[in-house]
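Report on the following structure.
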Amino acid sequence: MRTVDFSPLYRSVVGFDRLADLLDAASAETANGYPPYNIERTGDHEYRIEIAVAGFKADELDIEVKESVLTVKGRKAANDEPRRFLHRGLAERNFERRFQLAEYVVVTDAGLADGLLHIALKRELPEALKPRRIEVKAGAPTVIEADKAA
């Protein structure tokens, strides 16, 4: 896999080093393809992550959000039962998968069904950042005119 050298970019821009770090982390993360996952856009500000976790029970999965990083861990309980496999193609290994979340994206729900872990996400903008409509009043003096009269 090719790596990208961002050093020429650092000479002319300030504050984009976090973006370069995110790209480096993403390229390192794709090297490990287990477990497979999908990221789906389900609405204007809604998303869903589906992770294939066949063989895992709900109590063997851990979901945590810390500092805009969603971490999903699967820890398989030890099975002391002796089994003789002729072919073992199902992966039952522990895993840790990380997803970098954008600002104001929160996890709203998580569920496990049919071997898929579904994680619902939603972008919730604070009221101060949402567009708001300003009413234009006809015939009312403006603030500047009212200040001059006083």
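Ligands are numbered from 1 in the order shown, chains are lettered A, B, ... in the order of the structure tokens, and residues start at 1 in each chain.
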
Residues within 9 Å of Glu40 (chain A), only C-alpha atoms, excluding chain neighbours under 4 positions, as number ranges by chain: A: 46-50

query: Which residues, written as a ChimeraX atom specification, have at least one atom at most 9 Å from Gly115 (chain A), with only C-alpha atoms counted and residues fewer than 3 positions away on the same chain left out?
result: /A:51-57,112

- prompt: What gap, in Å, lies between CA of Pro36 (chain A) and CA of Leu70 (chain A)?
  reply: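 CA of Pro36 (chain A) sits 15.8 Å away from CA of Leu70 (chain A).
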
task: Please indicate the distance in Å from CA of Thr71 (chain A) to CA of Leu101 (chain A), rounded to one decimal place.
output: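 These two atoms are separated by 10.3 Å.
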
Among listed residues A:Gly111, A:Glu135, A:Phe85, A:Ala91, nearest Asp59 (chain A) (using only C-alpha atoms): A:Gly111

I'd like the neighbourhood of Leu121 (chain A) as a tab-separated table (two decimals) with C-alpha atoms, in the first residue's frame, where a residue qualifies if any of its atoms comes within 12 Å (using only C-alpha atoms), though same-chain residues fewer than 2 positions away should be ignored.
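The resulting around20.tsv:
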```tsv
chain	number	residue	atom	x	y	z
A	39	ILE	CA	-21.36	2.42	6.52
A	40	GLU	CA	-24.73	3.54	5.21
A	41	ARG	CA	-26.38	6.94	4.97
A	42	THR	CA	-30.00	6.48	6.07
A	43	GLY	CA	-31.12	10.13	6.04
A	44	ASP	CA	-29.92	13.69	5.64
A	45	HIS	CA	-28.15	13.60	9.01
A	46	GLU	CA	-28.43	9.91	9.90
A	47	TYR	CA	-26.02	7.03	9.38
A	48	ARG	CA	-25.75	3.35	10.23
A	49	ILE	CA	-22.71	1.17	10.68
A	50	GLU	CA	-23.22	-2.57	10.22
A	65	VAL	CA	-17.37	6.74	22.22
A	70	LEU	CA	-16.25	5.21	18.16
A	99	PHE	CA	-14.34	4.91	13.53
A	101	LEU	CA	-16.73	10.60	14.08
A	102	ALA	CA	-17.30	14.08	12.70
A	103	GLU	CA	-18.26	16.92	15.00
A	104	TYR	CA	-21.74	16.66	16.50
A	105	VAL	CA	-22.23	13.02	15.40
A	106	VAL	CA	-23.62	10.94	18.26
A	107	VAL	CA	-24.50	7.27	18.64
A	108	THR	CA	-28.26	6.95	19.10
A	109	ASP	CA	-28.80	3.19	19.17
A	110	ALA	CA	-27.12	-0.19	18.81
A	118	HIS	CA	-26.15	-2.25	13.85
A	119	ILE	CA	-25.01	1.11	15.23
A	123	ARG	CA	-25.58	14.45	13.39
A	124	GLU	CA	-27.11	16.77	15.99
```

query: CA of Gly74 (chain A) and CA of Arg93 (chain A), how far apart in Å?
result: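 The value is 8.1 Å.
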
message: So that I can see what lies close to Arg97 (chain A), please list as a list of chain:residue names the residues with an atom at most 8 Å from it, counting only C-alpha atoms and leaving out residues fewer than 5 positions away in the same chain.
response: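 In the requested form, the answer reads A:Pro35, A:Thr71, A:Val72, A:Lys73.
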
Please produce an output containing N, CA and C atoms for each residue in the selection, written as a short mmCIF file (atom, residue, chain, number, x, y, z; two decimals), in the first residue's frame.
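Wrote it out as selection.cif, contents follow:
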```
data_model
loop_
_atom_site.label_atom_id
_atom_site.label_comp_id
_atom_site.auth_asym_id
_atom_site.auth_seq_id
_atom_site.Cartn_x
_atom_site.Cartn_y
_atom_site.Cartn_z
N PRO A 35 -13.41 -7.25 11.58
CA PRO A 35 -14.51 -7.85 10.84
C PRO A 35 -14.98 -6.90 9.73
N THR A 71 -15.36 3.21 19.21
CA THR A 71 -14.58 1.99 19.28
C THR A 71 -15.53 0.82 19.54
N VAL A 72 -15.44 -0.19 18.70
CA VAL A 72 -16.24 -1.40 18.85
C VAL A 72 -15.26 -2.54 19.11
N LYS A 73 -15.46 -3.24 20.24
CA LYS A 73 -14.58 -4.35 20.61
C LYS A 73 -15.41 -5.62 20.73
#
```
